[in-house]
>>> print(open('entry.json').read())   # JSON, C-alpha atoms and all ligand atoms
[["chain", "number", "residue", "atom", "x", "y", "z"],
["K", 1, "MET", "CA", 2.11, 64.69, -154.27],
["K", 2, "SER", "CA", -1.47, 64.27, -155.39],
["K", 3, "GLN", "CA", -4.41, 65.70, -153.44],
["K", 4, "THR", "CA", -6.89, 63.38, -151.72],
["K", 5, "ALA", "CA", -10.31, 64.53, -150.56],
["K", 6, "ILE", "CA", -12.45, 62.68, -148.02],
["K", 7, "LEU", "CA", -16.15, 63.49, -148.29],
["K", 8, "GLY", "CA", -18.06, 62.39, -145.18],
["K", 9, "ALA", "CA", -15.91, 62.41, -142.05],
["K", 10, "GLY", "CA", -17.95, 60.25, -139.68],
["K", 11, "VAL", "CA", -16.65, 57.02, -138.10],
["K", 12, "MET", "CA", -15.13, 55.52, -141.26],
["K", 13, "GLY", "CA", -14.11, 58.80, -142.91],
["K", 14, "GLU", "CA", -12.21, 59.95, -139.83],
["K", 15, "THR", "CA", -10.66, 56.49, -139.50],
["K", 16, "LEU", "CA", -9.28, 56.84, -143.04],
["K", 17, "LEU", "CA", -8.18, 60.42, -142.43],
["K", 18, "SER", "CA", -6.34, 59.54, -139.21],
["K", 19, "GLY", "CA", -4.68, 56.57, -140.91],
["K", 20, "LEU", "CA", -3.41, 58.67, -143.80],
["K", 21, "VAL", "CA", -1.98, 61.19, -141.33],
["K", 22, "ARG", "CA", -0.33, 58.37, -139.30],
["K", 23, "ALA", "CA", 1.09, 56.93, -142.50],
["K", 24, "GLY", "CA", 2.89, 60.22, -143.10],
["K", 25, "ARG", "CA", 0.60, 61.80, -145.70],
["K", 26, "ARG", "CA", 1.16, 65.58, -145.51],
["K", 27, "VAL", "CA", -1.99, 67.32, -144.34],
["K", 28, "ASP", "CA", -1.65, 69.94, -147.07],
["K", 29, "ASN", "CA", -2.26, 67.08, -149.54],
["K", 30, "LEU", "CA", -5.53, 66.23, -147.80],
["K", 31, "LEU", "CA", -8.93, 67.90, -147.93],
["K", 32, "VAL", "CA", -12.11, 67.07, -146.05],
["K", 33, "GLY", "CA", -15.64, 67.85, -147.21],
["K", 34, "GLU", "CA", -17.91, 68.40, -144.22],
["K", 35, "LYS", "CA", -21.11, 70.42, -143.98],
["K", 36, "ARG", "CA", -21.44, 70.85, -140.17],
["K", 37, "ALA", "CA", -19.35, 73.82, -138.95],
["K", 38, "GLU", "CA", -18.77, 72.37, -135.48],
["K", 39, "ARG", "CA", -17.50, 69.05, -136.87],
["K", 40, "ALA", "CA", -15.32, 70.91, -139.41],
["K", 41, "ARG", "CA", -13.66, 72.87, -136.57],
["K", 42, "GLU", "CA", -13.10, 69.68, -134.59],
["K", 43, "LEU", "CA", -11.35, 67.99, -137.55],
["K", 44, "GLU", "CA", -9.26, 71.07, -138.33],
["K", 45, "GLU", "CA", -8.09, 71.25, -134.71],
["K", 46, "ARG", "CA", -7.43, 67.50, -134.40],
["K", 47, "TYR", "CA", -5.54, 66.97, -137.69],
["K", 48, "GLY", "CA", -4.64, 70.42, -139.02],
["K", 49, "VAL", "CA", -6.42, 69.44, -142.23],
["K", 50, "ALA", "CA", -8.33, 71.92, -144.45],
["K", 51, "VAL", "CA", -12.08, 71.37, -144.23],
["K", 52, "VAL", "CA", -13.96, 72.85, -147.19],
["K", 53, "GLY", "CA", -17.22, 72.37, -149.08],
["K", 54, "ASN", "CA", -17.76, 69.15, -151.04],
["K", 55, "VAL", "CA", -17.68, 70.90, -154.41],
["K", 56, "GLU", "CA", -14.37, 72.64, -153.70],
["K", 57, "ALA", "CA", -12.83, 69.42, -152.29],
["K", 58, "ALA", "CA", -13.96, 67.39, -155.31],
["K", 59, "ALA", "CA", -12.68, 69.99, -157.78],
["K", 60, "LYS", "CA", -9.21, 70.28, -156.19],
["K", 61, "ALA", "CA", -8.53, 66.60, -155.51],
["K", 62, "ASP", "CA", -7.00, 63.95, -157.76],
["K", 63, "THR", "CA", -8.56, 61.22, -155.62],
["K", 64, "VAL", "CA", -11.98, 61.65, -154.01],
["K", 65, "ALA", "CA", -12.91, 59.16, -151.26],
["K", 66, "ILE", "CA", -16.64, 59.12, -150.53],
["K", 67, "VAL", "CA", -17.50, 57.93, -147.03],
["K", 68, "VAL", "CA", -21.11, 59.03, -146.55],
["K", 69, "LYS", "CA", -23.96, 56.63, -145.73],
["K", 70, "PRO", "CA", -25.29, 54.71, -148.73],
["K", 71, "GLN", "CA", -28.59, 56.63, -148.42],
["K", 72, "ASP", "CA", -26.72, 59.97, -148.85],
["K", 73, "MET", "CA", -24.71, 58.86, -151.87],
["K", 74, "GLY", "CA", -27.15, 59.98, -154.60],
["K", 75, "ASP", "CA", -27.46, 63.53, -153.24],
["K", 76, "LEU", "CA", -23.71, 63.86, -152.75],
["K", 77, "LEU", "CA", -22.95, 62.65, -156.29],
["K", 78, "ASP", "CA", -25.52, 65.13, -157.68],
["K", 79, "GLU", "CA", -23.79, 67.90, -155.68],
["K", 80, "ILE", "CA", -20.21, 67.16, -156.85],
["K", 81, "SER", "CA", -20.78, 65.72, -160.31],
["K", 82, "GLY", "CA", -20.29, 69.09, -162.03],
["K", 83, "SER", "CA", -16.83, 69.52, -160.51],
["K", 84, "LEU", "CA", -15.51, 66.04, -161.36],
["K", 85, "ARG", "CA", -13.38, 65.50, -164.48],
["K", 86, "PRO", "CA", -12.24, 62.54, -166.61],
["K", 87, "GLY", "CA", -9.13, 60.83, -165.23],
["K", 88, "GLN", "CA", -9.99, 61.66, -161.63],
["K", 89, "LEU", "CA", -10.29, 58.72, -159.22],
["K", 90, "LEU", "CA", -13.43, 58.31, -157.13],
["K", 91, "VAL", "CA", -13.22, 55.73, -154.34],
["K", 92, "SER", "CA", -16.47, 54.74, -152.65],
["K", 93, "LEU", "CA", -16.39, 53.11, -149.22],
["K", 94, "ALA", "CA", -20.19, 52.86, -148.98],
["K", 95, "ALA", "CA", -21.86, 49.51, -148.38],
["K", 96, "GLY", "CA", -24.08, 48.23, -151.17],
["K", 97, "ILE", "CA", -23.53, 51.08, -153.64],
["K", 98, "THR", "CA", -22.36, 49.69, -156.99],
["K", 99, "THR", "CA", -19.78, 51.20, -159.32],
["K", 100, "ALA", "CA", -22.51, 51.22, -162.02],
["K", 101, "PHE", "CA", -24.71, 53.43, -159.79],
["K", 102, "ILE", "CA", -21.83, 55.87, -159.29],
["K", 103, "GLU", "CA", -20.71, 55.81, -162.94],
["K", 104, "SER", "CA", -24.24, 56.68, -164.05],
["K", 105, "ARG", "CA", -24.07, 59.89, -161.95],
["K", 106, "VAL", "CA", -20.57, 61.20, -162.72],
["K", 107, "PRO", "CA", -18.96, 62.44, -165.96],
["K", 108, "GLU", "CA", -17.76, 59.82, -168.47],
["K", 109, "GLY", "CA", -14.10, 58.90, -167.83],
["K", 110, "VAL", "CA", -14.10, 59.36, -164.06],
["K", 111, "ALA", "CA", -12.51, 56.18, -162.65],
["K", 112, "VAL", "CA", -14.55, 54.52, -159.90],
["K", 113, "VAL", "CA", -13.32, 51.99, -157.34],
["K", 114, "ARG", "CA", -15.61, 50.34, -154.78],
["K", 115, "VAL", "CA", -14.02, 49.51, -151.43],
["K", 116, "MET", "CA", -15.31, 47.69, -148.37],
["K", 117, "PRO", "CA", -13.13, 48.69, -145.40],
["K", 118, "ASN", "CA", -13.55, 47.95, -141.69],
["K", 119, "THR", "CA", -12.99, 49.87, -138.46],
["K", 120, "PRO", "CA", -9.81, 48.06, -137.26],
["K", 121, "ALA", "CA", -8.23, 50.46, -139.79],
["K", 122, "LEU", "CA", -8.18, 52.78, -136.77],
["K", 123, "VAL", "CA", -5.26, 50.72, -135.40],
["K", 124, "ASP", "CA", -3.75, 50.00, -138.84],
["K", 125, "GLU", "CA", -5.21, 46.46, -138.84],
["K", 126, "GLY", "CA", -7.99, 47.14, -141.33],
["K", 127, "MET", "CA", -9.21, 44.69, -143.97],
["K", 128, "ALA", "CA", -10.26, 46.30, -147.24],
["K", 129, "ALA", "CA", -11.52, 44.67, -150.43],
["K", 130, "VAL", "CA", -11.33, 46.71, -153.65],
["K", 131, "SER", "CA", -13.13, 46.27, -156.98],
["K", 132, "PRO", "CA", -12.63, 48.35, -160.12],
["K", 133, "GLY", "CA", -15.46, 50.00, -162.03],
["K", 134, "SER", "CA", -15.65, 49.94, -165.82],
["K", 135, "HIS", "CA", -13.40, 52.94, -166.63],
["K", 136, "CYS", "CA", -10.70, 52.10, -164.12],
["K", 137, "SER", "CA", -7.06, 51.65, -165.17],
["K", 138, "GLU", "CA", -4.48, 49.52, -163.34],
["K", 139, "GLU", "CA", -2.92, 52.80, -162.06],
["K", 140, "HIS", "CA", -6.25, 53.93, -160.62],
["K", 141, "LEU", "CA", -6.82, 50.59, -158.90],
["K", 142, "ALA", "CA", -3.26, 50.63, -157.52],
["K", 143, "GLU", "CA", -3.87, 54.16, -156.20],
["K", 144, "ALA", "CA", -7.04, 53.02, -154.38],
["K", 145, "GLU", "CA", -5.13, 50.03, -152.98],
["K", 146, "ALA", "CA", -2.34, 52.31, -151.75],
["K", 147, "LEU", "CA", -4.91, 54.52, -150.05],
["K", 148, "MET", "CA", -6.34, 51.58, -148.10],
["K", 149, "ALA", "CA", -2.94, 49.91, -147.54],
["K", 150, "SER", "CA", -2.03, 52.84, -145.31],
["K", 151, "VAL", "CA", -4.49, 51.44, -142.72],
["K", 152, "GLY", "CA", -4.22, 47.67, -143.14],
["K", 153, "LYS", "CA", -4.47, 44.77, -145.53],
["K", 154, "VAL", "CA", -6.04, 45.03, -149.01],
["K", 155, "VAL", "CA", -7.38, 42.38, -151.39],
["K", 156, "ARG", "CA", -8.74, 42.71, -154.93],
["K", 157, "ILE", "CA", -12.08, 41.02, -155.54],
["K", 158, "PRO", "CA", -14.67, 40.93, -158.32],
["K", 159, "GLU", "CA", -17.46, 43.40, -157.55],
["K", 160, "ARG", "CA", -20.07, 40.58, -157.40],
["K", 161, "GLN", "CA", -18.39, 39.44, -154.14],
["K", 162, "GLN", "CA", -18.65, 42.84, -152.43],
["K", 163, "ASP", "CA", -21.97, 42.14, -150.65],
["K", 164, "ALA", "CA", -20.54, 38.93, -149.14],
["K", 165, "VAL", "CA", -17.33, 40.74, -148.15],
["K", 166, "THR", "CA", -19.44, 43.43, -146.47],
["K", 167, "ALA", "CA", -21.18, 40.70, -144.45],
["K", 168, "ILE", "CA", -17.89, 39.10, -143.38],
["K", 169, "SER", "CA", -15.14, 41.70, -142.89],
["K", 170, "GLY", "CA", -17.08, 44.98, -143.21],
["K", 171, "SER", "CA", -19.57, 44.16, -140.45],
["K", 172, "GLY", "CA", -17.28, 41.49, -138.93],
["K", 173, "PRO", "CA", -15.77, 43.60, -136.13],
["K", 174, "ALA", "CA", -19.27, 44.10, -134.69],
["K", 175, "TYR", "CA", -19.80, 40.32, -134.44],
["K", 176, "ILE", "CA", -16.47, 39.91, -132.68],
["K", 177, "PHE", "CA", -17.28, 42.74, -130.24],
["K", 178, "TYR", "CA", -20.66, 41.08, -129.62],
["K", 179, "VAL", "CA", -18.93, 37.78, -128.74],
["K", 180, "VAL", "CA", -16.50, 39.67, -126.49],
["K", 181, "GLU", "CA", -19.37, 41.45, -124.71],
["K", 182, "SER", "CA", -21.16, 38.12, -124.23],
["K", 183, "MET", "CA", -18.08, 36.41, -122.77],
["K", 184, "ILE", "CA", -17.37, 39.31, -120.40],
["K", 185, "GLU", "CA", -20.97, 39.19, -119.18],
["K", 186, "ALA", "CA", -20.71, 35.42, -118.73],
["K", 187, "GLY", "CA", -17.58, 35.91, -116.60],
["K", 188, "VAL", "CA", -19.50, 38.32, -114.38],
["K", 189, "HIS", "CA", -22.33, 35.77, -114.04],
["K", 190, "LEU", "CA", -19.72, 33.21, -112.95],
["K", 191, "GLY", "CA", -18.59, 35.57, -110.18],
["K", 192, "LEU", "CA", -15.55, 37.29, -111.68],
["K", 193, "PRO", "CA", -15.02, 41.01, -111.10],
["K", 194, "ARG", "CA", -15.92, 42.89, -114.35],
["K", 195, "ASN", "CA", -12.37, 44.21, -114.83],
["K", 196, "THR", "CA", -10.88, 40.75, -114.44],
["K", 197, "SER", "CA", -13.40, 39.26, -116.86],
["K", 198, "THR", "CA", -12.69, 42.03, -119.40],
["K", 199, "ASP", "CA", -8.90, 41.54, -119.19],
["K", 200, "LEU", "CA", -9.24, 37.76, -119.54],
["K", 201, "VAL", "CA", -11.50, 37.98, -122.60],
["K", 202, "ILE", "CA", -9.50, 40.66, -124.44],
["K", 203, "GLN", "CA", -6.16, 38.87, -123.96],
["K", 204, "THR", "CA", -7.77, 35.57, -125.00],
["K", 205, "LEU", "CA", -9.04, 37.24, -128.18],
["K", 206, "VAL", "CA", -5.70, 38.87, -129.00],
["K", 207, "GLY", "CA", -3.77, 35.66, -128.28],
["K", 208, "SER", "CA", -6.15, 33.54, -130.37],
["K", 209, "ALA", "CA", -6.03, 36.01, -133.29],
["K", 210, "LYS", "CA", -2.24, 36.03, -133.13],
["K", 211, "MET", "CA", -2.14, 32.19, -133.16],
["K", 212, "LEU", "CA", -4.39, 32.12, -136.23],
["K", 213, "ARG", "CA", -2.21, 34.62, -138.08],
["K", 214, "GLU", "CA", 1.24, 33.46, -136.94],
["K", 215, "THR", "CA", 0.82, 29.65, -137.02],
["K", 216, "GLY", "CA", -1.34, 29.51, -140.15],
["K", 217, "THR", "CA", -2.98, 26.46, -138.53],
["K", 218, "HIS", "CA", -6.60, 25.80, -139.45],
["K", 219, "PRO", "CA", -9.06, 27.07, -136.79],
["K", 220, "THR", "CA", -10.58, 23.58, -136.44],
["K", 221, "VAL", "CA", -7.18, 22.16, -135.44],
["K", 222, "LEU", "CA", -6.59, 25.02, -133.00],
["K", 223, "ARG", "CA", -10.03, 24.42, -131.47],
["K", 224, "GLU", "CA", -9.37, 20.68, -131.16],
["K", 225, "GLN", "CA", -6.07, 21.41, -129.36],
["K", 226, "VAL", "CA", -8.05, 23.22, -126.64],
["K", 227, "THR", "CA", -10.75, 20.56, -126.40],
["K", 228, "SER", "CA", -9.68, 17.79, -123.99],
["K", 229, "PRO", "CA", -11.76, 14.59, -124.09],
["K", 230, "ALA", "CA", -14.70, 14.91, -121.68],
["K", 231, "GLY", "CA", -13.25, 18.24, -120.54],
["K", 232, "THR", "CA", -14.55, 21.76, -119.94],
["K", 233, "THR", "CA", -14.25, 23.02, -123.53],
["K", 234, "ALA", "CA", -16.21, 20.05, -124.90],
["K", 235, "ALA", "CA", -18.95, 20.82, -122.38],
["K", 236, "ALA", "CA", -19.09, 24.46, -123.53],
["K", 237, "LEU", "CA", -18.95, 23.70, -127.27],
["K", 238, "ARG", "CA", -21.77, 21.20, -126.88],
["K", 239, "GLU", "CA", -23.96, 24.01, -125.50],
["K", 240, "LEU", "CA", -23.02, 26.25, -128.48],
["K", 241, "GLU", "CA", -24.10, 23.44, -130.83],
["K", 242, "VAL", "CA", -27.35, 22.88, -128.88],
["K", 243, "HIS", "CA", -28.08, 26.61, -129.18],
["K", 244, "LYS", "CA", -27.31, 26.48, -132.92],
["K", 245, "VAL", "CA", -24.68, 29.24, -132.75],
["K", 246, "ARG", "CA", -23.00, 28.09, -135.99],
["K", 247, "ALA", "CA", -26.35, 28.21, -137.83],
["K", 248, "ALA", "CA", -27.04, 31.62, -136.28],
["K", 249, "PHE", "CA", -23.74, 32.95, -137.66],
["K", 250, "LEU", "CA", -24.65, 31.72, -141.14],
["K", 251, "ALA", "CA", -28.13, 33.28, -140.95],
["K", 252, "ALA", "CA", -26.68, 36.54, -139.60],
["K", 253, "MET", "CA", -24.18, 36.88, -142.41],
["K", 254, "GLU", "CA", -26.79, 36.02, -145.03],
["K", 255, "ALA", "CA", -28.92, 38.81, -143.55],
["K", 256, "ALA", "CA", -26.00, 41.26, -143.79],
["K", 257, "ARG", "CA", -25.32, 40.20, -147.40],
["K", 258, "ASP", "CA", -29.01, 40.68, -148.27],
["K", 259, "ARG", "CA", -29.08, 44.09, -146.55],
["K", 260, "SER", "CA", -26.05, 45.17, -148.59],
["K", 261, "ARG", "CA", -27.88, 44.14, -151.79],
["K", 262, "ALA", "CA", -30.98, 46.05, -150.68],
["K", 263, "LEU", "CA", -28.92, 49.21, -150.03],
["K", 264, "ALA", "CA", -27.96, 49.09, -153.70],
["K", 265, "GLU", "CA", -31.65, 49.40, -154.54],
["K", 266, "GLY", "CA", -32.00, 52.45, -152.29],
["K", 267, "SER", "CA", -34.03, 50.83, -149.48],
["A", 1, "LIG", "N1", -18.67, 52.15, -139.78],
["A", 1, "LIG", "C1", -18.19, 51.05, -140.35],
["A", 1, "LIG", "O1", -17.75, 50.09, -139.69],
["A", 1, "LIG", "C2", -18.11, 50.95, -141.84],
["A", 1, "LIG", "C3", -18.74, 51.86, -142.66],
["A", 1, "LIG", "N2", -18.68, 51.70, -144.01],
["A", 1, "LIG", "C4", -19.36, 52.67, -144.87],
["A", 1, "LIG", "O2", -18.83, 53.95, -144.62],
["A", 1, "LIG", "C5", -19.84, 54.91, -144.85],
["A", 1, "LIG", "C6", -19.93, 55.84, -143.65],
["A", 1, "LIG", "O3", -20.27, 55.07, -142.52],
["A", 1, "LIG", "P1", -19.99, 55.62, -141.07],
["A", 1, "LIG", "O4", -18.73, 56.39, -141.05],
["A", 1, "LIG", "O5", -20.20, 54.49, -140.15],
["A", 1, "LIG", "O6", -21.23, 56.63, -140.92],
["A", 1, "LIG", "P2", -21.28, 58.04, -140.17],
["A", 1, "LIG", "O7", -22.71, 58.40, -140.07],
["A", 1, "LIG", "O8", -20.46, 57.98, -138.93],
["A", 1, "LIG", "O9", -20.53, 59.01, -141.19],
["A", 1, "LIG", "C7", -21.11, 59.56, -142.32],
["A", 1, "LIG", "C8", -20.69, 60.99, -142.37],
["A", 1, "LIG", "O10", -21.08, 61.54, -143.60],
["A", 1, "LIG", "C9", -21.51, 62.87, -143.34],
["A", 1, "LIG", "N3", -22.32, 63.35, -144.45],
["A", 1, "LIG", "C10", -23.60, 63.05, -144.78],
["A", 1, "LIG", "N4", -23.96, 63.70, -145.90],
["A", 1, "LIG", "C11", -22.86, 64.41, -146.29],
["A", 1, "LIG", "C12", -22.60, 65.28, -147.36],
["A", 1, "LIG", "N5", -23.53, 65.56, -148.29],
["A", 1, "LIG", "N6", -21.36, 65.82, -147.44],
["A", 1, "LIG", "C13", -20.40, 65.57, -146.52],
["A", 1, "LIG", "N7", -20.60, 64.76, -145.48],
["A", 1, "LIG", "C14", -21.81, 64.18, -145.36],
["A", 1, "LIG", "C15", -22.25, 62.75, -142.03],
["A", 1, "LIG", "O11", -22.41, 64.00, -141.44],
["A", 1, "LIG", "P3", -23.69, 64.26, -140.47],
["A", 1, "LIG", "O12", -23.48, 63.37, -139.31],
["A", 1, "LIG", "O13", -23.58, 65.71, -140.18],
["A", 1, "LIG", "O14", -24.90, 63.89, -141.29],
["A", 1, "LIG", "C16", -21.31, 61.84, -141.26],
["A", 1, "LIG", "O15", -20.28, 62.59, -140.64],
["A", 1, "LIG", "C17", -21.15, 54.17, -145.10],
["A", 1, "LIG", "O16", -21.45, 54.20, -146.46],
["A", 1, "LIG", "C18", -20.84, 52.75, -144.64],
["A", 1, "LIG", "O17", -21.55, 51.80, -145.40],
["A", 1, "LIG", "C19", -18.01, 50.69, -144.60],
["A", 1, "LIG", "C20", -17.39, 49.75, -143.83],
["A", 1, "LIG", "C21", -17.36, 49.80, -142.41],
["A", 2, "LIG", "O1", -23.44, 48.46, -140.90],
["A", 2, "LIG", "C1", -23.16, 48.94, -142.00],
["A", 2, "LIG", "O2", -24.04, 49.11, -142.88],
["A", 2, "LIG", "C2", -21.73, 49.34, -142.31],
["A", 2, "LIG", "C3", -21.20, 48.62, -143.50],
["A", 2, "LIG", "C4", -20.26, 47.59, -142.97],
["A", 2, "LIG", "C5", -20.10, 47.97, -141.57],
["A", 2, "LIG", "N1", -20.87, 48.95, -141.23]]
>>> encode(input="entry.json", output="structure tokens")
Amino acid sequence: MSQTAILGAGVMGETLLSGLVRAGRRVDNLLVGEKRAERARELEERYGVAVVGNVEAAAKADTVAIVVKPQDMGDLLDEISGSLRPGQLLVSLAAGITTAFIESRVPEGVAVVRVMPNTPALVDEGMAAVSPGSHCSEEHLAEAEALMASVGKVVRIPERQQDAVTAISGSGPAYIFYVVESMIEAGVHLGLPRNTSTDLVIQTLVGSAKMLRETGTHPTVLREQVTSPAGTTAAALRELEVHKVRAAFLAAMEAARDRSRALAEGS
């Protein structure tokens, strides 16, 4: 079995690590690169995985997943570049960072794949979009897809769509959690106990998501089925229109897309 290294074990790195372990990947085929001793001990205790320096992890692995912040990518690539070799697969999960940026900092022949994952990977319901770099074979791309398939769904997209994907599914869980928070708070304002409001909103979210996935019915039709003429839903949706919530979603996702583009330029 090939060796996989995860460099950067924060929120997303640990999510990937835990998913690989849940999917049955043997921990002796996994390595983690982590510089903080306390965090290294925590990961070793939690998963039984070997935590080593970045250079050692990169040298030993066949696949290197980089999960540091976009702003830390340049320094990390400078650190490990000397231990990378042609044929190795480097998978970047960082927002904004292009395969061209990575390829310009690693030896010729290292295969690069750019991935945009999301945090529902923690419960094996992740959504990941993968794009090959310029020296990437079908086998390399399939390997990156298999890595992400252990924690959810995977789609292949052209790299030019990655900033938009980041705005939709990468950041998407945060928008959903924001809506959930807002609805729970509204329930409290309407006099419901907080626990009751929380239970109602979470089950409504899960049920609605399941309907979308299992019926395949368009969301507009599902919304219309809830909206009785001159009823309560129509009254609520009218307020959302008055407050321009649809326009706000569009502006928000444009801002996320633009921020992803700016990260590519190092800002
Ligand atoms: N969180 C999310 O929902 C998503 C995140 N991503 C991407 O994943 C990447 C990581 O994000 P996230 O997990 O949220 O961020 P975190 O800050 O939680 O994790 C980044 C980790 O990288 C570590 N790190 C920094 N420099 C190095 C280094 N040189 N070597 C090894 N480890 C290092 C940090 O350690 P320390 O804390 O000690 O500095 C930290 O543990 C980002 O590029 C982000 O764009 C993509 C999609 C979704
Ligand atoms: O907020 C961010 O920049 C990262 C990328 C997508 C989700 N979180």
>>> residues_near_ligand(input="entry.json", ligand="ligand LIG 1 (chain A)", cutoff="7 Å", atoms="all atoms listed in the file", output="PyMOL selection string")
chain K and resi 7-13+33-36+54+67-70+72+75-76+93-95+116-119+170-171
>>> atom_distance(input="entry.json", atom1="atom CA of Ser150 of chain K", atom2="atom CA of Ala164 of chain K")
23.5 Å
>>> closest_residue(input="entry.json", among="K:Met127, K:Ala57, K:Ala174, K:Met73", to="Ile102 of chain K", atoms="all atoms listed in the file")
K:Met73
>>> atom_distance(input="entry.json", atom1="atom CA of Gly266 of chain K", atom2="atom CA of Val113 of chain K")
19.4 Å
>>> closest_residue(input="entry.json", among="K:Asp163, K:Gly133, K:Ser182, K:Glu38", to="ligand LIG 2 (chain A)", atoms="only C-alpha atoms and all ligand atoms")
K:Asp163
>>> closest_residue(input="entry.json", among="K:Leu240, K:Leu20, K:Val91, K:Ala65", to="Val112 of chain K", atoms="all atoms listed in the file")
K:Val91
>>> closest_residue(input="entry.json", among="K:Val55, K:Val201, K:Ala146, K:Ala256", to="ligand LIG 2 (chain A)", atoms="all atoms listed in the file")
K:Ala256
>>> residues_around(input="entry.json", residues="Val51 of chain K", least_positions_apart="5", cutoff="6 Å", atoms="all atoms listed in the file", output="ChimeraX atom specification")
/K:31-33,40
>>> residues_around(input="entry.json", residues="Met183 of chain K", least_positions_apart="6", cutoff="10 Å", atoms="all atoms listed in the file", output="list in words")
Phe177, His189, Ser197, Thr198, Leu200, Val201 and Ile202 of chain K
>>> residues_around(input="entry.json", residues="Gly109 of chain K", least_positions_apart="6", cutoff="7 Å", atoms="all atoms listed in the file", output="count of residues only")
3
>>> residues_around(input="entry.json", residues="Asp28 of chain K", least_positions_apart="5", cutoff="12 Å", atoms="all atoms listed in the file", output="compact mmCIF listing (two decimals) with C-alpha atoms, in the coordinates of the input")
# COMPACT_ATOMS: atom_id res chain seq x y z
CA MET K 1 2.11 64.69 -154.27
CA SER K 2 -1.47 64.27 -155.39
CA GLN K 3 -4.41 65.70 -153.44
CA THR K 4 -6.89 63.38 -151.72
CA ALA K 5 -10.31 64.53 -150.56
CA LEU K 20 -3.41 58.67 -143.80
CA VAL K 21 -1.98 61.19 -141.33
CA GLU K 44 -9.26 71.07 -138.33
CA TYR K 47 -5.54 66.97 -137.69
CA GLY K 48 -4.64 70.42 -139.02
CA VAL K 49 -6.42 69.44 -142.23
CA ALA K 50 -8.33 71.92 -144.45
CA VAL K 51 -12.08 71.37 -144.23
CA LYS K 60 -9.21 70.28 -156.19
CA ALA K 61 -8.53 66.60 -155.51
>>> closest_residue(input="entry.json", among="K:Val165, K:Val188, K:Ala100, K:Asp62", to="ligand LIG 2 (chain A)", atoms="all atoms listed in the file")
K:Val165
>>> atom_distance(input="entry.json", atom1="atom CA of Arg114 of chain K", atom2="atom CA of Pro132 of chain K")
6.4 Å
>>> build_atoms(input="entry.json", residues="segment 178-191 of chain K", atoms="N, CA and C atoms", output="mmCIF file, keeping the file's coordinate frame")
data_model
loop_
_atom_site.group_PDB
_atom_site.id
_atom_site.type_symbol
_atom_site.label_atom_id
_atom_site.label_comp_id
_atom_site.auth_asym_id
_atom_site.auth_seq_id
_atom_site.Cartn_x
_atom_site.Cartn_y
_atom_site.Cartn_z
ATOM 1 N N TYR K 178 -19.459 41.674 -130.225
ATOM 2 C CA TYR K 178 -20.660 41.080 -129.620
ATOM 3 C C TYR K 178 -20.271 39.813 -128.826
ATOM 4 N N VAL K 179 -19.404 38.994 -129.424
ATOM 5 C CA VAL K 179 -18.930 37.780 -128.740
ATOM 6 C C VAL K 179 -18.145 38.175 -127.485
ATOM 7 N N VAL K 180 -17.297 39.200 -127.634
ATOM 8 C CA VAL K 180 -16.500 39.670 -126.490
ATOM 9 C C VAL K 180 -17.410 40.142 -125.355
ATOM 10 N N GLU K 181 -18.402 40.973 -125.718
ATOM 11 C CA GLU K 181 -19.370 41.450 -124.710
ATOM 12 C C GLU K 181 -20.029 40.272 -123.990
ATOM 13 N N SER K 182 -20.432 39.269 -124.792
ATOM 14 C CA SER K 182 -21.160 38.120 -124.230
ATOM 15 C C SER K 182 -20.268 37.337 -123.273
ATOM 16 N N MET K 183 -18.993 37.169 -123.640
ATOM 17 C CA MET K 183 -18.080 36.410 -122.770
ATOM 18 C C MET K 183 -17.770 37.179 -121.492
ATOM 19 N N ILE K 184 -17.628 38.499 -121.610
ATOM 20 C CA ILE K 184 -17.370 39.310 -120.400
ATOM 21 C C ILE K 184 -18.553 39.178 -119.446
ATOM 22 N N GLU K 185 -19.749 39.284 -119.997
ATOM 23 C CA GLU K 185 -20.970 39.190 -119.180
ATOM 24 C C GLU K 185 -21.057 37.811 -118.521
ATOM 25 N N ALA K 186 -20.681 36.779 -119.285
ATOM 26 C CA ALA K 186 -20.710 35.420 -118.730
ATOM 27 C C ALA K 186 -19.748 35.318 -117.544
ATOM 28 N N GLY K 187 -18.563 35.922 -117.696
ATOM 29 C CA GLY K 187 -17.580 35.910 -116.600
ATOM 30 C C GLY K 187 -18.150 36.546 -115.345
ATOM 31 N N VAL K 188 -18.885 37.628 -115.528
ATOM 32 C CA VAL K 188 -19.500 38.320 -114.380
ATOM 33 C C VAL K 188 -20.542 37.403 -113.731
ATOM 34 N N HIS K 189 -21.334 36.718 -114.583
ATOM 35 C CA HIS K 189 -22.330 35.770 -114.040
ATOM 36 C C HIS K 189 -21.658 34.666 -113.242
ATOM 37 N N LEU K 190 -20.436 34.298 -113.660
ATOM 38 C CA LEU K 190 -19.720 33.210 -112.950
ATOM 39 C C LEU K 190 -18.995 33.719 -111.716
ATOM 40 N N GLY K 191 -19.133 35.027 -111.431
ATOM 41 C CA GLY K 191 -18.590 35.570 -110.180
ATOM 42 C C GLY K 191 -17.285 36.330 -110.310
#
